[in-house]
Every structure is written in structure tokens, then in C-alpha cells.
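K.L.:
Structure file entry-v4.cif (mmCIF, C-alpha atoms) right here:
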```cif
data_model
loop_
_atom_site.label_atom_id
_atom_site.label_comp_id
_atom_site.auth_asym_id
_atom_site.auth_seq_id
_atom_site.Cartn_x
_atom_site.Cartn_y
_atom_site.Cartn_z
CA MET O 1 120.82 144.18 147.84
CA GLN O 2 117.27 142.90 147.93
CA ARG O 3 115.33 142.89 144.69
CA GLN O 4 112.00 144.47 145.38
CA ALA O 5 109.33 146.66 143.82
CA HIS O 6 106.32 148.72 144.81
CA VAL O 7 103.58 149.18 142.19
CA GLN O 8 100.43 151.26 142.38
CA ARG O 9 97.66 151.22 139.80
CA LYS O 10 94.48 153.28 139.90
CA THR O 11 91.79 153.17 137.24
CA ALA O 12 88.04 153.72 137.12
CA GLU O 13 87.70 149.97 137.76
CA THR O 14 90.38 149.12 140.32
CA GLU O 15 92.78 150.55 142.86
CA ILE O 16 95.78 148.34 143.59
CA GLU O 17 98.89 148.61 145.74
CA LEU O 18 101.39 145.77 145.45
CA GLU O 19 104.77 145.12 147.06
CA LEU O 20 107.09 142.32 145.96
CA ASN O 21 110.40 141.07 147.32
CA LEU O 22 112.01 138.38 145.17
CA ASP O 23 114.43 137.52 147.98
CA GLY O 24 111.77 137.03 150.61
CA SER O 25 110.70 134.11 152.75
CA GLY O 26 107.34 133.28 151.19
CA THR O 27 105.11 135.49 153.31
CA ALA O 28 101.91 136.88 151.85
CA ASP O 29 99.47 139.59 152.91
CA VAL O 30 96.84 139.52 150.19
CA GLN O 31 93.44 141.20 150.22
CA THR O 32 91.71 141.47 146.86
CA GLY O 33 88.11 140.89 147.86
CA VAL O 34 88.16 137.61 145.90
CA GLY O 35 88.73 134.79 148.38
CA PHE O 36 89.82 132.07 145.97
CA PHE O 37 92.21 134.46 144.21
CA ASP O 38 93.72 135.46 147.57
CA HIS O 39 94.32 131.76 148.21
CA MET O 40 96.09 131.34 144.83
CA LEU O 41 98.30 134.41 145.35
CA THR O 42 99.24 133.17 148.82
CA LEU O 43 100.27 129.83 147.28
CA LEU O 44 102.28 131.67 144.65
CA ALA O 45 104.22 133.64 147.26
CA LYS O 46 104.87 130.54 149.37
CA HIS O 47 106.17 128.38 146.52
CA ALA O 48 108.16 131.12 144.79
CA VAL O 49 109.56 132.17 148.20
CA PHE O 50 108.60 135.76 147.38
CA ASP O 51 107.24 138.20 149.92
CA LEU O 52 104.02 139.57 148.44
CA LYS O 53 101.65 142.22 149.69
CA VAL O 54 98.52 143.08 147.71
CA GLN O 55 95.74 145.49 148.61
CA ALA O 56 93.13 145.67 145.86
CA LYS O 57 89.74 147.32 145.60
CA GLY O 58 87.86 146.52 142.44
CA ASP O 59 84.41 146.79 140.89
CA LEU O 60 83.37 143.37 142.18
CA GLN O 61 79.74 144.38 141.78
CA VAL O 62 80.42 144.01 138.03
CA ASP O 63 82.52 140.84 138.25
CA GLN O 64 86.00 139.65 139.28
CA HIS O 65 87.74 140.17 135.94
CA HIS O 66 89.11 143.70 136.38
CA THR O 67 90.51 142.90 139.82
CA VAL O 68 92.21 139.66 138.79
CA ASP O 69 93.55 141.08 135.52
CA ASP O 70 94.88 144.27 137.09
CA VAL O 71 96.63 142.40 139.91
CA GLY O 72 98.29 140.32 137.19
CA ILE O 73 99.42 143.52 135.46
CA CYS O 74 100.85 144.89 138.71
CA LEU O 75 102.61 141.67 139.67
CA GLY O 76 104.14 141.37 136.21
CA GLN O 77 105.39 144.97 136.42
CA ALA O 78 106.81 144.27 139.88
CA VAL O 79 108.68 141.17 138.70
CA ARG O 80 110.19 143.09 135.77
CA SER O 81 111.14 146.10 137.89
CA SER O 82 112.67 144.08 140.73
CA LEU O 83 114.92 142.14 138.34
CA GLY O 84 116.73 145.27 137.14
CA ASP O 85 119.10 144.40 134.28
CA LYS O 86 118.79 140.66 135.12
CA ALA O 87 122.55 140.23 135.54
CA GLY O 88 123.47 136.97 137.24
CA ILE O 89 120.04 135.32 137.19
CA ARG O 90 119.29 131.85 135.86
CA ARG O 91 116.72 133.36 133.41
CA TYR O 92 115.01 130.02 132.71
CA GLY O 93 112.86 128.04 135.08
CA HIS O 94 110.70 124.95 134.77
CA PHE O 95 108.78 122.65 137.03
CA THR O 96 106.39 119.70 136.86
CA LEU O 97 104.00 119.50 139.77
CA PRO O 98 101.58 116.75 140.80
CA MET O 99 98.46 117.69 142.76
CA GLU O 100 96.51 114.51 143.49
CA GLU O 101 95.00 113.50 140.11
CA THR O 102 96.42 116.61 138.41
CA LEU O 103 99.81 117.05 136.73
CA VAL O 104 101.03 120.42 135.40
CA THR O 105 104.29 121.52 133.76
CA THR O 106 105.33 125.17 133.59
CA ALA O 107 108.35 126.73 131.86
CA VAL O 108 109.42 130.38 131.92
CA ASP O 109 112.04 132.46 130.15
CA LEU O 110 112.64 135.96 131.53
CA SER O 111 113.61 137.00 128.02
CA GLY O 112 112.30 140.56 127.86
CA ARG O 113 109.79 139.36 125.27
CA TYR O 114 106.20 138.31 125.90
CA PHE O 115 104.58 135.07 124.84
CA LEU O 116 102.02 132.90 126.62
CA VAL O 117 101.03 129.35 125.81
CA PHE O 118 98.31 128.27 128.23
CA GLN O 119 96.99 124.74 127.83
CA ALA O 120 95.41 124.15 131.22
CA PRO O 121 91.63 124.37 130.85
CA CYS O 122 89.39 123.83 133.85
CA PRO O 123 86.47 121.45 133.32
CA THR O 124 84.04 123.74 135.20
CA PRO O 125 83.27 127.44 134.60
CA LYS O 126 83.28 128.17 138.34
CA ILE O 127 85.46 127.22 141.31
CA GLY O 128 83.09 128.19 144.10
CA GLU O 129 82.26 131.80 143.19
CA PHE O 130 85.44 132.25 141.12
CA ASP O 131 85.32 132.35 137.31
CA SER O 132 87.85 129.70 136.28
CA GLU O 133 88.62 131.42 132.94
CA LEU O 134 90.30 134.18 134.98
CA ILE O 135 93.20 131.84 135.75
CA GLU O 136 94.48 132.19 132.19
CA ASP O 137 93.68 135.92 132.16
CA PHE O 138 95.82 136.45 135.26
CA TRP O 139 98.84 134.63 133.82
CA GLN O 140 98.43 136.42 130.50
CA ALA O 141 98.53 139.80 132.27
CA LEU O 142 101.51 138.77 134.39
CA ALA O 143 103.53 137.43 131.46
CA ALA O 144 102.74 140.44 129.24
CA ASN O 145 103.91 142.87 131.91
CA ALA O 146 106.88 140.85 133.18
CA LEU O 147 107.92 140.48 129.52
CA CYS O 148 108.52 136.77 129.76
CA ASN O 149 107.73 133.64 127.81
CA LEU O 150 105.42 131.46 129.86
CA HIS O 151 104.22 127.98 128.93
CA VAL O 152 101.66 126.16 131.08
CA VAL O 153 100.59 122.63 130.19
CA LEU O 154 98.04 120.48 131.99
CA HIS O 155 98.90 116.83 131.37
CA HIS O 156 95.82 115.56 133.16
CA GLY O 157 93.38 116.59 135.85
CA ARG O 158 89.73 116.37 136.81
CA ASN O 159 89.14 118.79 139.69
CA SER O 160 89.16 122.48 138.77
CA HIS O 161 90.42 123.55 142.21
CA HIS O 162 93.34 121.13 141.93
CA ILE O 163 94.12 122.30 138.40
CA SER O 164 94.19 125.96 139.42
CA GLU O 165 96.25 125.26 142.52
CA ALA O 166 98.72 123.14 140.56
CA VAL O 167 99.11 125.90 137.94
CA PHE O 168 99.85 128.57 140.57
CA LYS O 169 102.24 126.39 142.57
CA CYS O 170 104.01 125.12 139.46
CA ALA O 171 104.42 128.57 137.90
CA ALA O 172 105.68 129.87 141.23
CA ARG O 173 108.35 127.16 141.37
CA ALA O 174 109.42 127.92 137.79
CA LEU O 175 109.64 131.65 138.56
CA ARG O 176 111.62 130.89 141.71
CA MET O 177 114.18 129.02 139.63
CA ALA O 178 114.33 131.68 136.89
CA VAL O 179 114.96 134.63 139.23
CA GLU O 180 117.59 132.84 141.34
CA HIS O 181 121.16 134.03 141.28
CA ASP O 182 123.41 131.68 139.32
CA PRO O 183 126.92 131.77 140.76
CA ARG O 184 128.38 130.67 137.40
CA THR O 185 126.68 133.39 135.36
CA VAL O 186 128.66 136.57 134.81
CA GLY O 187 126.56 139.50 133.64
CA VAL O 188 123.33 139.13 131.69
CA PRO O 189 122.52 135.53 130.63
CA SER O 190 122.24 136.29 126.91
CA THR O 191 124.68 136.50 124.00
CA LYS O 192 122.89 139.74 123.09
CA GLY O 193 124.23 141.33 126.27
CA THR O 194 120.77 142.50 127.32
CA LEU O 195 117.39 141.05 128.19
#
```
Please, can you express the file's structure as C-alpha cells?

P.N.:
Amino acid sequence: MQRQAHVQRKTAETEIELELNLDGSGTADVQTGVGFFDHMLTLLAKHAVFDLKVQAKGDLQVDQHHTVDDVGICLGQAVRSSLGDKAGIRRYGHFTLPMEETLVTTAVDLSGRYFLVFQAPCPTPKIGEFDSELIEDFWQALAANALCNLHVVLHHGRNSHHISEAVFKCAARALRMAVEHDPRTVGVPSTKGTL
């Protein structure tokens, strides 16, 4: 059975429809109205090997924050929903990813509890027209709604585009590992019996 979810969110600020398949092939159909963010979500789908479809309309005349944040909320909800009771998954994932001069490590625990440590600042406030502070806001929203522990550490980097891209690719690879079926795990991977 494929693990998938369909999430809709409508507020006075955004209208979002998102589809996620954890057992996909890495295809993405993403239209948020924020070009750089579309690029990052496409990278996420590719490197996590998730199928991801996002249609988002937001109040971009105000700024990009509501759109980026709300997509993070929806994707986090979709990850949590598509995992069901989490029986048989690896639960933990980690990856260290080089991107030219940049090196990022990400670790995730699909624990059912939320915590974010984000130590990957961009040296510039903008990446093209994109507000670089929204990178952390997106991952905060995703982690809070997926109910996972997520740690993101930038070891070094100079170019804000490279840093953002490395964070998205690295987190995607860690999530890919965490959601994978572990043939040696019977039931839920916790001594508590639930996650």
C-alpha cells in the first residue's frame, strides 16, 4: 500500500492544495508563485524520492511569508498523515551534503514530538527576490506539523543559494532515510510501542 496524503488549507492569506506520496519516484509539480521556493520544493521531492504536487495561491502582494509558511504546514501534515502508525519505518535519518563550498548536516527523528535546531544562516537577506529567512520558517512549520525532531547544521558556506539548496537536498535525504521501510523492524520503532 502506498503511503500518501492530500492536504488542503484555506485561510484569508493563502489557499493551498498539496499531494504527497512517500513511495514515489521524485516527481514534482509545484506552483506557489514564488520561483525560488518552487525550485527548492522540486529539489526536495527529487532527493527524498517523494512525489509532490503543490498548488498555492497566497497574498504575495504583502510578501512571501504566508505562502512559504503555510506550504510548510501542509507538507508537515502530509508527512505525518502518510506515515500512519509508523510501523516498520527506520524513524531516524541523517545526511551530510556538500554543495561546492557549502557543507550541511541534517538529522531527523520521526518521534511524534516537535523540536527544531536550525543553525544554517544565510549571509544575505535575499536570494534573488526570495527572503532567505523564510528557509528556517519553512522547516520550522514542517517539523512542527510533522511532529519530528529536526536538526540542521551548516558547517561552512559562502553563497546563500548554495546554502539553501544544500539544506533542502540534505533534509530531503534525511527524510528519505527516516521514512524508509526497515525489513528488520517489527512494529513501531520505539520501546513505548507508539510514536

K.L.:
List the neighbours of Glu19 in chain O out to 7 Å using only C-alpha atoms; skip same-chain residues closer than 3 positions along the sequence, and give me the result as a PyMOL selection string.

P.N.:
chain O and resi 5-7+52-54

K.L.:
I need the residue set behind the PyMOL selection byres ((chain O and resi 81) around 12) for this file; please write it as a VMD selection string.

P.N.:
chain O and resid 3 to 7 19 to 22 74 to 80 82 to 86 112 145 to 147

K.L.:
Could you list, as a ChimeraX atom specification, every residue matched by the PyMOL selection byres ((chain O and resi 45-48) around 10) in this structure?

P.N.:
/O:20-30,40-44,49-53,168-177,179

K.L.:
Taking all atoms listed in the file into account, name the residue in O:Thr11, O:Asn149, O:Leu116, O:Val104 that is nearest to Tyr92 in chain O.

P.N.:
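Checking each of O:Thr11, O:Asn149, O:Leu116, O:Val104 against Tyr92 in chain O, counting all atoms listed in the file, the winner is O:Asn149.
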
K.L.:
Within 9 Å of (86.2, 137.4, 137.0) in the file's own coordinates, which protein, DNA or RNA residues have an atom, counting only C-alpha atoms? List them as a PyMOL selection string.

P.N.:
chain O and resi 60+62-69+130-134

K.L.:
Quick one: pull the distance between CA of Val153 in chain O and CA of Asp70 in chain O, Å, one decimal.

P.N.:
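It comes out at 23.4 Å.
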
K.L.:
Apply the PyMOL selection byres ((chain O and resi 154) around 7) to the file shown and report the selected residues as a list in words.

P.N.:
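Applying the expression gives Leu103, Val104, Thr105, Gln119, Ala120, Val152, Val153, His155 and His156 of chain O.
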
K.L.:
Name the residues in contact with Phe118 in chain O at a cut-off of 10 Å, using all atoms listed in the file, excluding same-chain residues fewer than 4 positions from it; report them as a VMD selection string.

P.N.:
chain O and resid 106 135 to 137 139 to 140 150 to 154

K.L.:
Keeping C-alpha atoms for every residue in the selection just given, could you write it to a file as a PDB file, in the frame of the given file?

P.N.:
```pdb
ATOM      1  CA  THR O 106     105.330 125.170 133.590  1.00  0.00           C
ATOM      2  CA  ILE O 135      93.200 131.840 135.750  1.00  0.00           C
ATOM      3  CA  GLU O 136      94.480 132.190 132.190  1.00  0.00           C
ATOM      4  CA  ASP O 137      93.680 135.920 132.160  1.00  0.00           C
ATOM      5  CA  TRP O 139      98.840 134.630 133.820  1.00  0.00           C
ATOM      6  CA  GLN O 140      98.430 136.420 130.500  1.00  0.00           C
ATOM      7  CA  LEU O 150     105.420 131.460 129.860  1.00  0.00           C
ATOM      8  CA  HIS O 151     104.220 127.980 128.930  1.00  0.00           C
ATOM      9  CA  VAL O 152     101.660 126.160 131.080  1.00  0.00           C
ATOM     10  CA  VAL O 153     100.590 122.630 130.190  1.00  0.00           C
ATOM     11  CA  LEU O 154      98.040 120.480 131.990  1.00  0.00           C
TER      12      LEU O 154
END
```

K.L.:
For Ile16 in chain O, which residue out of O:Gln61, O:Ile73, O:Gly157, O:Asp38 is the nearest one, using all atoms listed in the file?

P.N.:
O:Ile73

K.L.:
Pick the closest to Ile163 in chain O from O:Ile89, O:Phe95, O:Asp109, O:Cys122: which is it, counting all atoms listed in the file?

P.N.:
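Looking at the shortest contact to Ile163 in chain O, the residue is O:Cys122.
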
K.L.:
Between CA of Leu110 in chain O and CA of His39 in chain O, what distance in Å does the model show, to one decimal?

P.N.:
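Pair CA of Leu110 in chain O / CA of His39 in chain O returns 25.1 Å.
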
K.L.:
Measure the distance from CA of Arg9 in chain O to CA of Val34 in chain O in Å and round it to one decimal.

P.N.:
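CA of Val34 in chain O lies 17.7 Å from CA of Arg9 in chain O.
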
K.L.:
From the set O:Gln8, O:Phe115, O:His94, O:Gly88, which residue has the shortest atom-to-atom contact distance to Gly193 in chain O, counting all atoms listed in the file?

P.N.:
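Under the stated criterion, the closest residue is O:Gly88.
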
K.L.:
How would range 145-156 of chain O look with all heavy atoms restored, written as a compact mmCIF listing (two decimals), in the coordinates of the input?

P.N.:
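The result, written out as part_23.txt:
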```
# COMPACT_ATOMS: atom_id res chain seq x y z
N ASN O 145 103.31 141.75 131.20
CA ASN O 145 103.91 142.87 131.91
C ASN O 145 105.28 142.54 132.51
O ASN O 145 106.10 143.43 132.71
CB ASN O 145 102.95 143.39 132.98
CG ASN O 145 101.82 144.16 132.35
OD1 ASN O 145 101.92 145.35 132.11
ND2 ASN O 145 100.72 143.47 132.03
N ALA O 146 105.54 141.27 132.77
CA ALA O 146 106.88 140.85 133.18
C ALA O 146 107.80 140.73 131.97
O ALA O 146 109.01 140.66 132.11
CB ALA O 146 106.83 139.52 133.92
N LEU O 147 107.19 140.70 130.78
CA LEU O 147 107.92 140.48 129.52
C LEU O 147 108.70 139.17 129.57
O LEU O 147 109.92 139.12 129.47
CB LEU O 147 108.85 141.65 129.19
CG LEU O 147 108.15 142.98 128.87
CD1 LEU O 147 109.18 144.06 128.58
CD2 LEU O 147 107.19 142.82 127.70
N CYS O 148 107.93 138.10 129.74
CA CYS O 148 108.52 136.77 129.76
C CYS O 148 107.76 135.83 128.84
O CYS O 148 106.62 136.11 128.45
CB CYS O 148 108.54 136.21 131.18
SG CYS O 148 106.92 135.83 131.88
N ASN O 149 108.41 134.75 128.46
CA ASN O 149 107.73 133.64 127.81
C ASN O 149 107.24 132.71 128.91
O ASN O 149 108.02 132.34 129.79
CB ASN O 149 108.68 132.85 126.91
CG ASN O 149 109.33 133.67 125.81
OD1 ASN O 149 110.33 133.26 125.29
ND2 ASN O 149 108.78 134.81 125.46
N LEU O 150 105.98 132.34 128.84
CA LEU O 150 105.42 131.46 129.86
C LEU O 150 104.60 130.37 129.18
O LEU O 150 103.71 130.68 128.38
CB LEU O 150 104.55 132.25 130.84
CG LEU O 150 103.85 131.46 131.95
CD1 LEU O 150 104.87 130.81 132.88
CD2 LEU O 150 102.91 132.37 132.73
N HIS O 151 104.94 129.12 129.47
CA HIS O 151 104.22 127.98 128.93
C HIS O 151 103.64 127.18 130.10
O HIS O 151 104.37 126.84 131.03
CB HIS O 151 105.14 127.08 128.10
CG HIS O 151 105.62 127.73 126.85
ND1 HIS O 151 105.25 127.28 125.61
CD2 HIS O 151 106.42 128.81 126.65
CE1 HIS O 151 105.82 128.05 124.68
NE2 HIS O 151 106.53 128.99 125.29
N VAL O 152 102.35 126.91 130.03
CA VAL O 152 101.66 126.16 131.08
C VAL O 152 100.90 125.02 130.41
O VAL O 152 100.06 125.26 129.54
CB VAL O 152 100.68 127.05 131.87
CG1 VAL O 152 99.98 126.24 132.95
CG2 VAL O 152 101.39 128.26 132.47
N VAL O 153 101.21 123.80 130.81
CA VAL O 153 100.59 122.63 130.19
C VAL O 153 99.99 121.73 131.26
O VAL O 153 100.70 121.30 132.19
CB VAL O 153 101.62 121.84 129.35
CG1 VAL O 153 100.98 120.59 128.74
CG2 VAL O 153 102.22 122.71 128.26
N LEU O 154 98.72 121.44 131.13
CA LEU O 154 98.04 120.48 131.99
C LEU O 154 98.12 119.12 131.31
O LEU O 154 97.57 118.93 130.22
CB LEU O 154 96.57 120.88 132.19
CG LEU O 154 95.67 119.87 132.88
CD1 LEU O 154 96.07 119.68 134.33
CD2 LEU O 154 94.20 120.31 132.78
N HIS O 155 98.81 118.17 131.93
CA HIS O 155 98.90 116.83 131.37
C HIS O 155 97.62 116.04 131.62
O HIS O 155 97.12 115.38 130.72
CB HIS O 155 100.10 116.09 131.98
CG HIS O 155 101.39 116.80 131.75
ND1 HIS O 155 102.00 116.86 130.50
CD2 HIS O 155 102.19 117.50 132.58
CE1 HIS O 155 103.11 117.56 130.59
NE2 HIS O 155 103.26 117.96 131.84
N HIS O 156 97.11 116.13 132.84
CA HIS O 156 95.82 115.56 133.16
C HIS O 156 95.32 116.12 134.48
O HIS O 156 96.10 116.60 135.29
CB HIS O 156 95.83 114.03 133.19
CG HIS O 156 97.00 113.44 133.90
ND1 HIS O 156 98.11 112.97 133.24
CD2 HIS O 156 97.27 113.25 135.22
CE1 HIS O 156 98.99 112.51 134.11
NE2 HIS O 156 98.51 112.67 135.32
```
